[in-house]
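See below for model_30.cif, which holds mmCIF, C-alpha atoms.
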```
data_start
loop_
_atom_site.group_PDB
_atom_site.id
_atom_site.type_symbol
_atom_site.label_atom_id
_atom_site.label_comp_id
_atom_site.auth_asym_id
_atom_site.auth_seq_id
_atom_site.Cartn_x
_atom_site.Cartn_y
_atom_site.Cartn_z
ATOM 1 C CA MET A 1 35.261 -23.001 88.189
ATOM 2 C CA LYS A 2 38.933 -23.523 89.054
ATOM 3 C CA ASN A 3 39.325 -19.884 90.193
ATOM 4 C CA ILE A 4 36.230 -19.778 92.431
ATOM 5 C CA PRO A 5 37.975 -20.923 95.664
ATOM 6 C CA ASN A 6 40.698 -18.298 95.197
ATOM 7 C CA ILE A 7 38.100 -15.623 94.408
ATOM 8 C CA LEU A 8 36.237 -16.499 97.630
ATOM 9 C CA SER A 9 39.482 -16.253 99.593
ATOM 10 C CA ALA A 10 40.186 -12.847 98.022
ATOM 11 C CA ILE A 11 36.658 -11.703 98.948
ATOM 12 C CA ARG A 12 37.352 -12.756 102.545
ATOM 13 C CA MET A 13 40.520 -10.653 102.566
ATOM 14 C CA VAL A 14 38.554 -7.624 101.336
ATOM 15 C CA LEU A 15 35.717 -8.146 103.829
ATOM 16 C CA ALA A 16 38.052 -8.409 106.846
ATOM 17 C CA PRO A 17 39.103 -4.703 106.985
ATOM 18 C CA ILE A 18 35.530 -3.644 106.110
ATOM 19 C CA PHE A 19 34.269 -5.636 109.089
ATOM 20 C CA LEU A 20 36.954 -4.122 111.345
ATOM 21 C CA PHE A 21 36.133 -0.561 110.296
ATOM 22 C CA MET A 22 32.401 -1.091 110.827
ATOM 23 C CA TYR A 23 32.710 -2.842 114.189
ATOM 24 C CA ILE A 24 34.912 -0.250 115.869
ATOM 25 C CA GLN A 25 32.381 2.481 115.077
ATOM 26 C CA ASP A 26 30.662 3.138 118.387
ATOM 27 C CA GLU A 27 27.197 2.960 116.857
ATOM 28 C CA LEU A 28 24.849 0.010 117.122
ATOM 29 C CA VAL A 29 23.777 0.006 113.478
ATOM 30 C CA TRP A 30 27.385 -0.181 112.219
ATOM 31 C CA ARG A 31 28.351 -2.810 114.763
ATOM 32 C CA SER A 32 25.296 -4.938 113.960
ATOM 33 C CA LEU A 33 25.947 -4.764 110.211
ATOM 34 C CA SER A 34 29.574 -5.702 110.786
ATOM 35 C CA ILE A 35 28.461 -9.024 112.277
ATOM 36 C CA ALA A 36 26.703 -9.796 108.988
ATOM 37 C CA VAL A 37 29.925 -8.937 107.131
ATOM 38 C CA PHE A 38 31.930 -11.184 109.479
ATOM 39 C CA ALA A 39 29.453 -14.041 108.995
ATOM 40 C CA THR A 40 29.579 -13.604 105.202
ATOM 41 C CA ALA A 41 33.371 -13.762 105.281
ATOM 42 C CA ALA A 42 33.225 -16.903 107.429
ATOM 43 C CA VAL A 43 30.814 -18.510 104.942
ATOM 44 C CA THR A 44 33.277 -17.896 102.081
ATOM 45 C CA ASP A 45 35.853 -19.838 104.124
ATOM 46 C CA TYR A 46 33.490 -22.825 104.286
ATOM 47 C CA PHE A 47 32.603 -22.788 100.609
ATOM 48 C CA ASP A 48 36.066 -22.191 99.155
ATOM 49 C CA GLY A 49 37.382 -25.259 100.972
ATOM 50 C CA LYS A 50 34.357 -27.361 100.067
ATOM 51 C CA ILE A 51 34.526 -26.422 96.367
ATOM 52 C CA ALA A 52 38.300 -26.933 96.205
ATOM 53 C CA ARG A 53 38.015 -30.422 97.727
ATOM 54 C CA TYR A 54 34.980 -31.503 95.715
ATOM 55 C CA TYR A 55 36.427 -30.461 92.355
ATOM 56 C CA GLN A 56 40.056 -31.150 93.356
ATOM 57 C CA LEU A 57 41.078 -27.583 92.584
ATOM 58 C CA GLU A 58 44.055 -27.273 94.926
ATOM 59 C CA SER A 59 46.811 -25.003 93.644
ATOM 60 C CA ASP A 60 49.972 -23.470 95.077
ATOM 61 C CA PHE A 61 48.308 -20.058 95.057
ATOM 62 C CA GLY A 62 45.220 -21.467 96.769
ATOM 63 C CA VAL A 63 47.328 -23.127 99.460
ATOM 64 C CA PHE A 64 48.940 -19.712 100.060
ATOM 65 C CA ILE A 65 45.920 -17.393 99.918
ATOM 66 C CA ASP A 66 43.363 -19.489 101.836
ATOM 67 C CA PRO A 67 45.151 -19.521 105.233
ATOM 68 C CA LEU A 68 46.264 -15.916 104.651
ATOM 69 C CA ALA A 69 42.641 -14.844 104.178
ATOM 70 C CA ASP A 70 41.727 -16.738 107.350
ATOM 71 C CA LYS A 71 44.397 -14.804 109.238
ATOM 72 C CA PHE A 72 43.078 -11.487 107.891
ATOM 73 C CA LEU A 73 39.626 -12.286 109.262
ATOM 74 C CA THR A 74 40.877 -13.611 112.598
ATOM 75 C CA PHE A 75 43.206 -10.645 113.127
ATOM 76 C CA ALA A 76 40.379 -8.223 112.313
ATOM 77 C CA GLY A 77 38.237 -9.922 114.947
ATOM 78 C CA PHE A 78 40.926 -9.727 117.630
ATOM 79 C CA PHE A 79 41.728 -6.087 116.813
ATOM 80 C CA CYS A 80 38.090 -5.236 117.592
ATOM 81 C CA LEU A 81 38.208 -6.605 121.131
ATOM 82 C CA PRO A 82 40.186 -3.832 122.908
ATOM 83 C CA PHE A 83 37.637 -1.341 121.546
ATOM 84 C CA LEU A 84 35.008 -3.189 123.575
ATOM 85 C CA ASP A 85 36.981 -3.204 126.837
ATOM 86 C CA VAL A 86 40.751 -2.827 126.833
ATOM 87 C CA SER A 87 40.990 -3.984 130.461
ATOM 88 C CA GLN A 88 39.565 -7.389 129.539
ATOM 89 C CA PHE A 89 41.111 -7.642 126.085
ATOM 90 C CA PRO A 90 44.523 -5.974 126.487
ATOM 91 C CA TRP A 91 46.464 -4.976 123.404
ATOM 92 C CA TRP A 92 49.499 -6.993 124.470
ATOM 93 C CA ALA A 93 47.451 -10.210 124.308
ATOM 94 C CA VAL A 94 46.127 -9.317 120.847
ATOM 95 C CA ILE A 95 49.673 -8.585 119.648
ATOM 96 C CA VAL A 96 50.962 -11.900 121.049
ATOM 97 C CA ILE A 97 48.234 -13.809 119.180
ATOM 98 C CA VAL A 98 48.875 -11.944 115.928
ATOM 99 C CA VAL A 99 52.664 -12.347 116.109
ATOM 100 C CA ARG A 100 52.359 -16.089 116.810
ATOM 101 C CA ASP A 101 49.992 -16.660 113.889
ATOM 102 C CA MET A 102 52.083 -14.530 111.534
ATOM 103 C CA PHE A 103 55.218 -16.440 112.531
ATOM 104 C CA VAL A 104 53.593 -19.822 111.849
ATOM 105 C CA THR A 105 52.261 -18.561 108.504
ATOM 106 C CA LEU A 106 55.759 -17.416 107.474
ATOM 107 C CA LEU A 107 57.146 -20.729 108.695
ATOM 108 C CA ARG A 108 54.698 -22.549 106.432
ATOM 109 C CA LEU A 109 55.835 -20.475 103.455
ATOM 110 C CA TYR A 110 59.465 -21.233 104.265
ATOM 111 C CA ALA A 111 58.662 -24.945 104.588
ATOM 112 C CA GLY A 112 56.907 -24.850 101.226
ATOM 113 C CA ARG A 113 60.017 -23.422 99.564
ATOM 114 C CA LYS A 114 62.090 -26.194 101.119
ATOM 115 C CA LYS A 115 59.569 -28.858 100.035
ATOM 116 C CA PHE A 116 59.069 -29.760 103.686
ATOM 117 C CA HIS A 117 55.659 -31.049 104.753
ATOM 118 C CA MET A 118 54.789 -29.435 108.077
ATOM 119 C CA ARG A 119 52.851 -31.579 110.493
ATOM 120 C CA THR A 120 49.760 -30.012 112.040
ATOM 121 C CA ARG A 121 49.185 -31.053 115.635
ATOM 122 C CA PHE A 122 45.759 -31.474 117.212
ATOM 123 C CA THR A 123 46.549 -28.506 119.479
ATOM 124 C CA ALA A 124 46.881 -26.203 116.468
ATOM 125 C CA LYS A 125 43.492 -27.289 115.131
ATOM 126 C CA ALA A 126 41.935 -26.907 118.577
ATOM 127 C CA LYS A 127 43.480 -23.438 118.847
ATOM 128 C CA THR A 128 41.820 -22.334 115.609
ATOM 129 C CA MET A 129 38.425 -23.642 116.724
ATOM 130 C CA VAL A 130 38.714 -22.051 120.184
ATOM 131 C CA GLN A 131 39.779 -18.718 118.671
ATOM 132 C CA MET A 132 36.801 -18.611 116.291
ATOM 133 C CA VAL A 133 34.219 -19.658 118.911
ATOM 134 C CA PHE A 134 35.669 -17.076 121.312
ATOM 135 C CA LEU A 135 35.569 -14.327 118.682
ATOM 136 C CA TYR A 136 32.007 -15.089 117.580
ATOM 137 C CA ALA A 137 30.810 -15.102 121.199
ATOM 138 C CA VAL A 138 32.561 -11.888 122.285
ATOM 139 C CA LEU A 139 31.709 -9.927 119.130
ATOM 140 C CA LEU A 140 28.035 -10.858 119.517
ATOM 141 C CA LEU A 141 28.102 -9.979 123.226
ATOM 142 C CA GLY A 142 29.519 -6.593 122.252
ATOM 143 C CA VAL A 143 26.501 -5.994 120.019
ATOM 144 C CA PHE A 144 23.988 -7.311 122.579
ATOM 145 C CA LYS A 145 25.513 -5.128 125.317
ATOM 146 C CA GLN A 146 24.966 -2.031 123.213
ATOM 147 C CA ALA A 147 21.491 -2.946 121.983
ATOM 148 C CA ASP A 148 18.257 -2.266 123.825
ATOM 149 C CA ILE A 149 17.134 -5.884 123.802
ATOM 150 C CA GLU A 150 16.415 -8.673 126.258
ATOM 151 C CA PHE A 151 19.996 -9.985 126.196
ATOM 152 C CA ALA A 152 21.579 -6.595 126.925
ATOM 153 C CA ASP A 153 21.672 -7.062 130.710
ATOM 154 C CA ALA A 154 23.075 -10.576 130.442
ATOM 155 C CA ALA A 155 25.774 -9.362 128.042
ATOM 156 C CA ALA A 156 26.664 -6.512 130.408
ATOM 157 C CA GLN A 157 27.005 -9.011 133.262
ATOM 158 C CA PHE A 158 29.483 -11.029 131.224
ATOM 159 C CA PHE A 159 31.608 -7.907 130.725
ATOM 160 C CA ASN A 160 31.363 -6.892 134.372
ATOM 161 C CA SER A 161 32.130 -10.359 135.765
ATOM 162 C CA GLY A 162 35.699 -10.473 134.465
ATOM 163 C CA VAL A 163 35.167 -13.935 132.988
ATOM 164 C CA LEU A 164 35.971 -12.596 129.509
ATOM 165 C CA TYR A 165 39.428 -11.515 130.697
ATOM 166 C CA TYR A 166 40.215 -15.048 131.848
ATOM 167 C CA ALA A 167 38.811 -16.422 128.582
ATOM 168 C CA MET A 168 41.128 -14.058 126.689
ATOM 169 C CA MET A 169 44.100 -15.223 128.764
ATOM 170 C CA PHE A 170 43.203 -18.856 128.059
ATOM 171 C CA VAL A 171 42.987 -18.203 124.299
ATOM 172 C CA THR A 172 46.323 -16.356 124.396
ATOM 173 C CA ALA A 173 48.037 -19.125 126.365
ATOM 174 C CA LEU A 174 46.643 -21.841 124.073
ATOM 175 C CA THR A 175 47.789 -19.869 121.020
ATOM 176 C CA VAL A 176 51.333 -19.494 122.366
ATOM 177 C CA TYR A 177 51.514 -23.143 123.443
ATOM 178 C CA SER A 178 50.304 -24.427 120.079
ATOM 179 C CA GLY A 179 52.913 -22.241 118.361
ATOM 180 C CA ALA A 180 55.705 -23.644 120.529
ATOM 181 C CA GLU A 181 54.444 -27.185 119.859
ATOM 182 C CA TYR A 182 54.347 -26.409 116.139
ATOM 183 C CA ILE A 183 58.031 -25.434 116.194
ATOM 184 C CA TRP A 184 58.997 -28.483 118.247
ATOM 185 C CA SER A 185 57.083 -30.998 116.099
ATOM 186 C CA ASN A 186 58.614 -29.545 112.911
ATOM 187 C CA SER A 187 62.113 -28.991 114.256
ATOM 188 C CA GLN A 188 63.594 -30.968 111.342
ATOM 189 C CA LEU A 189 62.747 -27.975 109.138
ATOM 190 C CA PHE A 190 65.487 -25.933 110.780
ATOM 191 C CA LYS A 191 68.070 -28.642 110.061
ATOM 192 C CA ILE A 192 67.495 -28.538 106.322
ATOM 193 C CA GLN A 193 70.535 -27.087 104.587
ATOM 194 C CA ASN A 194 69.897 -23.977 102.557
ATOM 195 C CA THR A 195 70.164 -24.678 98.843
ATOM 196 C CA PRO A 196 70.164 -22.208 95.962
ATOM 197 C CA SER A 197 66.619 -21.423 94.797
#
```
If you took the structure in this file and wrote it as structure tokens, what would it be?
Amino acid sequence: MKNIPNILSAIRMVLAPIFLFMYIQDELVWRSLSIAVFATAAVTDYFDGKIARYYQLESDFGVFIDPLADKFLTFAGFFCLPFLDVSQFPWWAVIVIVVRDMFVTLLRLYAGRKKFHMRTRFTAKAKTMVQMVFLYAVLLLGVFKQADIEFADAAAQFFNSGVLYYAMMFVTALTVYSGAEYIWSNSQLFKIQNTPS
């Protein structure tokens, strides 16, 4: 039982590149199946946390791999967006989001080595929620736009309206701001003297 949360996190890491590969295929069947893969990966995130809390199975490895697996899935989702419409989801914005999240992840690892408890601000939690809602919505719209179904025209209107570009800019700005706030609220970390490991 104690290894189940870590196994679920590992499964999420494996599913992330599979989802990415399937979604960027310009065929409806692959893109539709990729949504199921993405949803399955998201479900593992829910259950690994729930099981770990219920059975009190937290471990150093679990604390490391769980957020890393989350990043794998989130990055895979953002990497898909320029393949839908690079004018609305520019690569530079994707890179900014990825670099910010990677930096904060590395900062957490550094803080762990220094036995420093990093404070998580409300903005950082809001950023994660906004990112996931945004990704779910856009990835589904990408499938609907390609499918010959009732929602296809509505999805196409979303892409043609330009509203998704402004949504992407908002997500990017919120991500950068939350990263800057993270650094500011944990500035004491950078004042800790280096000690031999």
Please, which residues in segment 52-126 of chain A fall within 8 Å of segment 152-173 of chain A when counting only C-alpha atoms, and what is the closest atom pair and distance in Å to one decimal for each, ordered by chain then residue number, as JSON lines?
```
{"residue": "A:Ser87", "atom": "CA", "partner": "A:Tyr165", "partner_atom": "CA", "distance": 7.7}
{"residue": "A:Gln88", "atom": "CA", "partner": "A:Tyr165", "partner_atom": "CA", "distance": 4.3}
{"residue": "A:Phe89", "atom": "CA", "partner": "A:Tyr165", "partner_atom": "CA", "distance": 6.3}
{"residue": "A:Ala93", "atom": "CA", "partner": "A:Thr172", "partner_atom": "CA", "distance": 6.2}
{"residue": "A:Val94", "atom": "CA", "partner": "A:Thr172", "partner_atom": "CA", "distance": 7.9}
{"residue": "A:Val96", "atom": "CA", "partner": "A:Thr172", "partner_atom": "CA", "distance": 7.3}
{"residue": "A:Ile97", "atom": "CA", "partner": "A:Thr172", "partner_atom": "CA", "distance": 6.1}
```
### Message
Please list as a ChimeraX atom specification every residue within 12 Å of segment 136-139 of chain A, counting all atoms listed in the file and excluding residues in the same chain fewer than 3 positions away.
### Response
/A:19-20,23-24,31-36,38-39,42,73-74,76-85,88-89,129-133,142-146,155-156,158-159,163-165,167-168
Generate the output file for the selected residues, C-alpha atoms, as a PDB file, keeping the file's coordinate frame.
```pdb
ATOM      1  CA  PHE A  19      34.269  -5.636 109.089  1.00  0.00           C
ATOM      2  CA  LEU A  20      36.954  -4.122 111.345  1.00  0.00           C
ATOM      3  CA  TYR A  23      32.710  -2.842 114.189  1.00  0.00           C
ATOM      4  CA  ILE A  24      34.912  -0.250 115.869  1.00  0.00           C
ATOM      5  CA  ARG A  31      28.351  -2.810 114.763  1.00  0.00           C
ATOM      6  CA  SER A  32      25.296  -4.938 113.960  1.00  0.00           C
ATOM      7  CA  LEU A  33      25.947  -4.764 110.211  1.00  0.00           C
ATOM      8  CA  SER A  34      29.574  -5.702 110.786  1.00  0.00           C
ATOM      9  CA  ILE A  35      28.461  -9.024 112.277  1.00  0.00           C
ATOM     10  CA  ALA A  36      26.703  -9.796 108.988  1.00  0.00           C
ATOM     11  CA  PHE A  38      31.930 -11.184 109.479  1.00  0.00           C
ATOM     12  CA  ALA A  39      29.453 -14.041 108.995  1.00  0.00           C
ATOM     13  CA  ALA A  42      33.225 -16.903 107.429  1.00  0.00           C
ATOM     14  CA  LEU A  73      39.626 -12.286 109.262  1.00  0.00           C
ATOM     15  CA  THR A  74      40.877 -13.611 112.598  1.00  0.00           C
ATOM     16  CA  ALA A  76      40.379  -8.223 112.313  1.00  0.00           C
ATOM     17  CA  GLY A  77      38.237  -9.922 114.947  1.00  0.00           C
ATOM     18  CA  PHE A  78      40.926  -9.727 117.630  1.00  0.00           C
ATOM     19  CA  PHE A  79      41.728  -6.087 116.813  1.00  0.00           C
ATOM     20  CA  CYS A  80      38.090  -5.236 117.592  1.00  0.00           C
ATOM     21  CA  LEU A  81      38.208  -6.605 121.131  1.00  0.00           C
ATOM     22  CA  PRO A  82      40.186  -3.832 122.908  1.00  0.00           C
ATOM     23  CA  PHE A  83      37.637  -1.341 121.546  1.00  0.00           C
ATOM     24  CA  LEU A  84      35.008  -3.189 123.575  1.00  0.00           C
ATOM     25  CA  ASP A  85      36.981  -3.204 126.837  1.00  0.00           C
ATOM     26  CA  GLN A  88      39.565  -7.389 129.539  1.00  0.00           C
ATOM     27  CA  PHE A  89      41.111  -7.642 126.085  1.00  0.00           C
ATOM     28  CA  MET A 129      38.425 -23.642 116.724  1.00  0.00           C
ATOM     29  CA  VAL A 130      38.714 -22.051 120.184  1.00  0.00           C
ATOM     30  CA  GLN A 131      39.779 -18.718 118.671  1.00  0.00           C
ATOM     31  CA  MET A 132      36.801 -18.611 116.291  1.00  0.00           C
ATOM     32  CA  VAL A 133      34.219 -19.658 118.911  1.00  0.00           C
ATOM     33  CA  GLY A 142      29.519  -6.593 122.252  1.00  0.00           C
ATOM     34  CA  VAL A 143      26.501  -5.994 120.019  1.00  0.00           C
ATOM     35  CA  PHE A 144      23.988  -7.311 122.579  1.00  0.00           C
ATOM     36  CA  LYS A 145      25.513  -5.128 125.317  1.00  0.00           C
ATOM     37  CA  GLN A 146      24.966  -2.031 123.213  1.00  0.00           C
ATOM     38  CA  ALA A 155      25.774  -9.362 128.042  1.00  0.00           C
ATOM     39  CA  ALA A 156      26.664  -6.512 130.408  1.00  0.00           C
ATOM     40  CA  PHE A 158      29.483 -11.029 131.224  1.00  0.00           C
ATOM     41  CA  PHE A 159      31.608  -7.907 130.725  1.00  0.00           C
ATOM     42  CA  VAL A 163      35.167 -13.935 132.988  1.00  0.00           C
ATOM     43  CA  LEU A 164      35.971 -12.596 129.509  1.00  0.00           C
ATOM     44  CA  TYR A 165      39.428 -11.515 130.697  1.00  0.00           C
ATOM     45  CA  ALA A 167      38.811 -16.422 128.582  1.00  0.00           C
ATOM     46  CA  MET A 168      41.128 -14.058 126.689  1.00  0.00           C
TER      47      MET A 168
END
```
### Message
Since I can't run it myself right now, could you work out what the PyMOL selection byres ((chain A and resi 13) around 8) selects here and report it as a PyMOL selection string?
### Response
chain A and resi 9-12+14-17+69-70+72-73
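The space between atom CA of Asp45 of chain A and atom CA of Asn6 of chain A spans 10.3 Å.
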## Note on the structure
re atom CA of Ala124 of chain A and atom CA of Ser185 of chain A: distance 11.3 Å
### Summary
Here atom CA of Arg53 of chain A and atom CA of Ile4 of chain A stand apart by 12.0 Å
Go ahead and fit an axis-aligned box to every listed atom of segment 78-94 of chain A plus 8 Å each side, and pass me the centre and edge lengths in Å, one decimal, as AutoDock Vina command-line options.
```
--center_x 42.3 --center_y -5.8 --center_z 123.6 --size_x 30.5 --size_y 24.9 --size_z 29.6
```
Go through segment 5-110 of chain A residue by residue and, counting all atoms listed in the file, keep those with an atom at most 10 Å from segment 116-122 of chain A; for each kept residue give the shortest atom pair and its distance in Å to one decimal, ordered by chain and increasing number, as a tab-separated table.
```
residue	atom	partner	partner_atom	distance
A:Leu107	CA	A:Met118	CA	9.0
A:Arg108	CA	A:Met118	CA	7.1
A:Leu109	CA	A:Phe116	CA	9.8
A:Tyr110	CA	A:Phe116	CA	8.6
```
### Task
Enumerate, as a VMD selection string, the residues matched when the PyMOL selection byres ((chain A and resi 188) around 12) is run on the file above.
chain A and resid 111 114 116 to 119 182 to 187 189 to 193
### Query
Between A:Leu106, A:Ala147, A:Leu141, A:Val99, which is the closest to Thr175 of chain A once you count only C-alpha atoms?
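Distance minimum relative to Thr175 of chain A lands on A:Val99.
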### Task
Decode the PyMOL selection byres ((chain A and resi 48-50) around 10) for the given file into explicit residues and return them as a list in words.
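Output of the PyMOL selection byres ((chain A and resi 48-50) around 10): Asn3, Ile4, Pro5, Asn6, Ile7, Leu8, Ser9, Val43, Thr44, Asp45, Tyr46, Phe47, Ile51, Ala52, Arg53, Tyr54, Tyr55, Gln56, Leu57, Glu58, Gly62 and Asp66 of chain A.
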Provide segment 107-139 of chain A rebuilt to N, CA and C atoms, formatted as a PDB file, in the coordinates of the input.
```
ATOM      1  N   LEU A 107      56.447 -19.447 108.591  1.00  0.00           N
ATOM      2  CA  LEU A 107      57.146 -20.729 108.695  1.00  0.00           C
ATOM      3  C   LEU A 107      56.608 -21.708 107.659  1.00  0.00           C
ATOM      4  N   ARG A 108      55.313 -21.683 107.447  1.00  0.00           N
ATOM      5  CA  ARG A 108      54.698 -22.549 106.432  1.00  0.00           C
ATOM      6  C   ARG A 108      55.213 -22.195 105.030  1.00  0.00           C
ATOM      7  N   LEU A 109      55.327 -20.903 104.762  1.00  0.00           N
ATOM      8  CA  LEU A 109      55.835 -20.475 103.455  1.00  0.00           C
ATOM      9  C   LEU A 109      57.280 -20.929 103.266  1.00  0.00           C
ATOM     10  N   TYR A 110      58.067 -20.796 104.318  1.00  0.00           N
ATOM     11  CA  TYR A 110      59.465 -21.233 104.265  1.00  0.00           C
ATOM     12  C   TYR A 110      59.540 -22.744 104.031  1.00  0.00           C
ATOM     13  N   ALA A 111      58.688 -23.491 104.735  1.00  0.00           N
ATOM     14  CA  ALA A 111      58.662 -24.945 104.588  1.00  0.00           C
ATOM     15  C   ALA A 111      58.266 -25.330 103.167  1.00  0.00           C
ATOM     16  N   GLY A 112      57.326 -24.575 102.598  1.00  0.00           N
ATOM     17  CA  GLY A 112      56.907 -24.850 101.226  1.00  0.00           C
ATOM     18  C   GLY A 112      58.054 -24.680 100.237  1.00  0.00           C
ATOM     19  N   ARG A 113      58.863 -23.652 100.445  1.00  0.00           N
ATOM     20  CA  ARG A 113      60.017 -23.422  99.564  1.00  0.00           C
ATOM     21  C   ARG A 113      61.039 -24.540  99.690  1.00  0.00           C
ATOM     22  N   LYS A 114      61.130 -25.117 100.891  1.00  0.00           N
ATOM     23  CA  LYS A 114      62.090 -26.194 101.119  1.00  0.00           C
ATOM     24  C   LYS A 114      61.483 -27.569 100.845  1.00  0.00           C
ATOM     25  N   LYS A 115      60.261 -27.595 100.324  1.00  0.00           N
ATOM     26  CA  LYS A 115      59.569 -28.858 100.035  1.00  0.00           C
ATOM     27  C   LYS A 115      59.432 -29.726 101.281  1.00  0.00           C
ATOM     28  N   PHE A 116      59.202 -29.057 102.407  1.00  0.00           N
ATOM     29  CA  PHE A 116      59.069 -29.760 103.686  1.00  0.00           C
ATOM     30  C   PHE A 116      57.598 -29.758 104.093  1.00  0.00           C
ATOM     31  N   HIS A 117      57.058 -30.940 104.354  1.00  0.00           N
ATOM     32  CA  HIS A 117      55.659 -31.049 104.753  1.00  0.00           C
ATOM     33  C   HIS A 117      55.541 -30.838 106.260  1.00  0.00           C
ATOM     34  N   MET A 118      54.936 -29.725 106.658  1.00  0.00           N
ATOM     35  CA  MET A 118      54.789 -29.435 108.077  1.00  0.00           C
ATOM     36  C   MET A 118      53.625 -30.215 108.669  1.00  0.00           C
ATOM     37  N   ARG A 119      53.890 -30.815 109.808  1.00  0.00           N
ATOM     38  CA  ARG A 119      52.851 -31.579 110.493  1.00  0.00           C
ATOM     39  C   ARG A 119      52.002 -30.641 111.345  1.00  0.00           C
ATOM     40  N   THR A 120      50.684 -30.817 111.247  1.00  0.00           N
ATOM     41  CA  THR A 120      49.760 -30.012 112.040  1.00  0.00           C
ATOM     42  C   THR A 120      49.288 -30.828 113.234  1.00  0.00           C
ATOM     43  N   ARG A 121      49.559 -30.346 114.415  1.00  0.00           N
ATOM     44  CA  ARG A 121      49.185 -31.053 115.635  1.00  0.00           C
ATOM     45  C   ARG A 121      47.715 -30.785 115.960  1.00  0.00           C
ATOM     46  N   PHE A 122      47.145 -31.655 116.778  1.00  0.00           N
ATOM     47  CA  PHE A 122      45.759 -31.474 117.212  1.00  0.00           C
ATOM     48  C   PHE A 122      45.597 -30.151 117.946  1.00  0.00           C
ATOM     49  N   THR A 123      46.619 -29.761 118.708  1.00  0.00           N
ATOM     50  CA  THR A 123      46.549 -28.506 119.479  1.00  0.00           C
ATOM     51  C   THR A 123      46.351 -27.306 118.567  1.00  0.00           C
ATOM     52  N   ALA A 124      47.008 -27.324 117.402  1.00  0.00           N
ATOM     53  CA  ALA A 124      46.881 -26.203 116.468  1.00  0.00           C
ATOM     54  C   ALA A 124      45.455 -26.119 115.923  1.00  0.00           C
ATOM     55  N   LYS A 125      44.869 -27.280 115.621  1.00  0.00           N
ATOM     56  CA  LYS A 125      43.492 -27.289 115.131  1.00  0.00           C
ATOM     57  C   LYS A 125      42.523 -26.847 116.225  1.00  0.00           C
ATOM     58  N   ALA A 126      42.780 -27.305 117.454  1.00  0.00           N
ATOM     59  CA  ALA A 126      41.935 -26.907 118.577  1.00  0.00           C
ATOM     60  C   ALA A 126      42.046 -25.407 118.821  1.00  0.00           C
ATOM     61  N   LYS A 127      43.259 -24.882 118.666  1.00  0.00           N
ATOM     62  CA  LYS A 127      43.480 -23.438 118.847  1.00  0.00           C
ATOM     63  C   LYS A 127      42.632 -22.636 117.887  1.00  0.00           C
ATOM     64  N   THR A 128      42.602 -23.046 116.616  1.00  0.00           N
ATOM     65  CA  THR A 128      41.820 -22.334 115.609  1.00  0.00           C
ATOM     66  C   THR A 128      40.337 -22.362 115.958  1.00  0.00           C
ATOM     67  N   MET A 129      39.834 -23.532 116.367  1.00  0.00           N
ATOM     68  CA  MET A 129      38.425 -23.642 116.724  1.00  0.00           C
ATOM     69  C   MET A 129      38.089 -22.787 117.945  1.00  0.00           C
ATOM     70  N   VAL A 130      38.951 -22.840 118.965  1.00  0.00           N
ATOM     71  CA  VAL A 130      38.714 -22.051 120.184  1.00  0.00           C
ATOM     72  C   VAL A 130      38.734 -20.561 119.867  1.00  0.00           C
ATOM     73  N   GLN A 131      39.700 -20.126 119.055  1.00  0.00           N
ATOM     74  CA  GLN A 131      39.779 -18.718 118.671  1.00  0.00           C
ATOM     75  C   GLN A 131      38.490 -18.252 117.998  1.00  0.00           C
ATOM     76  N   MET A 132      37.987 -19.026 117.041  1.00  0.00           N
ATOM     77  CA  MET A 132      36.801 -18.611 116.291  1.00  0.00           C
ATOM     78  C   MET A 132      35.560 -18.603 117.159  1.00  0.00           C
ATOM     79  N   VAL A 133      35.377 -19.628 118.003  1.00  0.00           N
ATOM     80  CA  VAL A 133      34.219 -19.658 118.911  1.00  0.00           C
ATOM     81  C   VAL A 133      34.283 -18.469 119.862  1.00  0.00           C
ATOM     82  N   PHE A 134      35.469 -18.209 120.396  1.00  0.00           N
ATOM     83  CA  PHE A 134      35.669 -17.076 121.312  1.00  0.00           C
ATOM     84  C   PHE A 134      35.329 -15.760 120.628  1.00  0.00           C
ATOM     85  N   LEU A 135      35.825 -15.571 119.411  1.00  0.00           N
ATOM     86  CA  LEU A 135      35.569 -14.327 118.682  1.00  0.00           C
ATOM     87  C   LEU A 135      34.087 -14.149 118.385  1.00  0.00           C
ATOM     88  N   TYR A 136      33.442 -15.186 117.869  1.00  0.00           N
ATOM     89  CA  TYR A 136      32.007 -15.089 117.580  1.00  0.00           C
ATOM     90  C   TYR A 136      31.240 -14.679 118.832  1.00  0.00           C
ATOM     91  N   ALA A 137      31.543 -15.351 119.952  1.00  0.00           N
ATOM     92  CA  ALA A 137      30.810 -15.102 121.199  1.00  0.00           C
ATOM     93  C   ALA A 137      31.007 -13.668 121.696  1.00  0.00           C
ATOM     94  N   VAL A 138      32.274 -13.222 121.745  1.00  0.00           N
ATOM     95  CA  VAL A 138      32.561 -11.888 122.285  1.00  0.00           C
ATOM     96  C   VAL A 138      32.034 -10.791 121.369  1.00  0.00           C
ATOM     97  N   LEU A 139      32.194 -10.944 120.063  1.00  0.00           N
ATOM     98  CA  LEU A 139      31.709  -9.927 119.130  1.00  0.00           C
ATOM     99  C   LEU A 139      30.188  -9.788 119.217  1.00  0.00           C
TER     100      LEU A 139
END
```
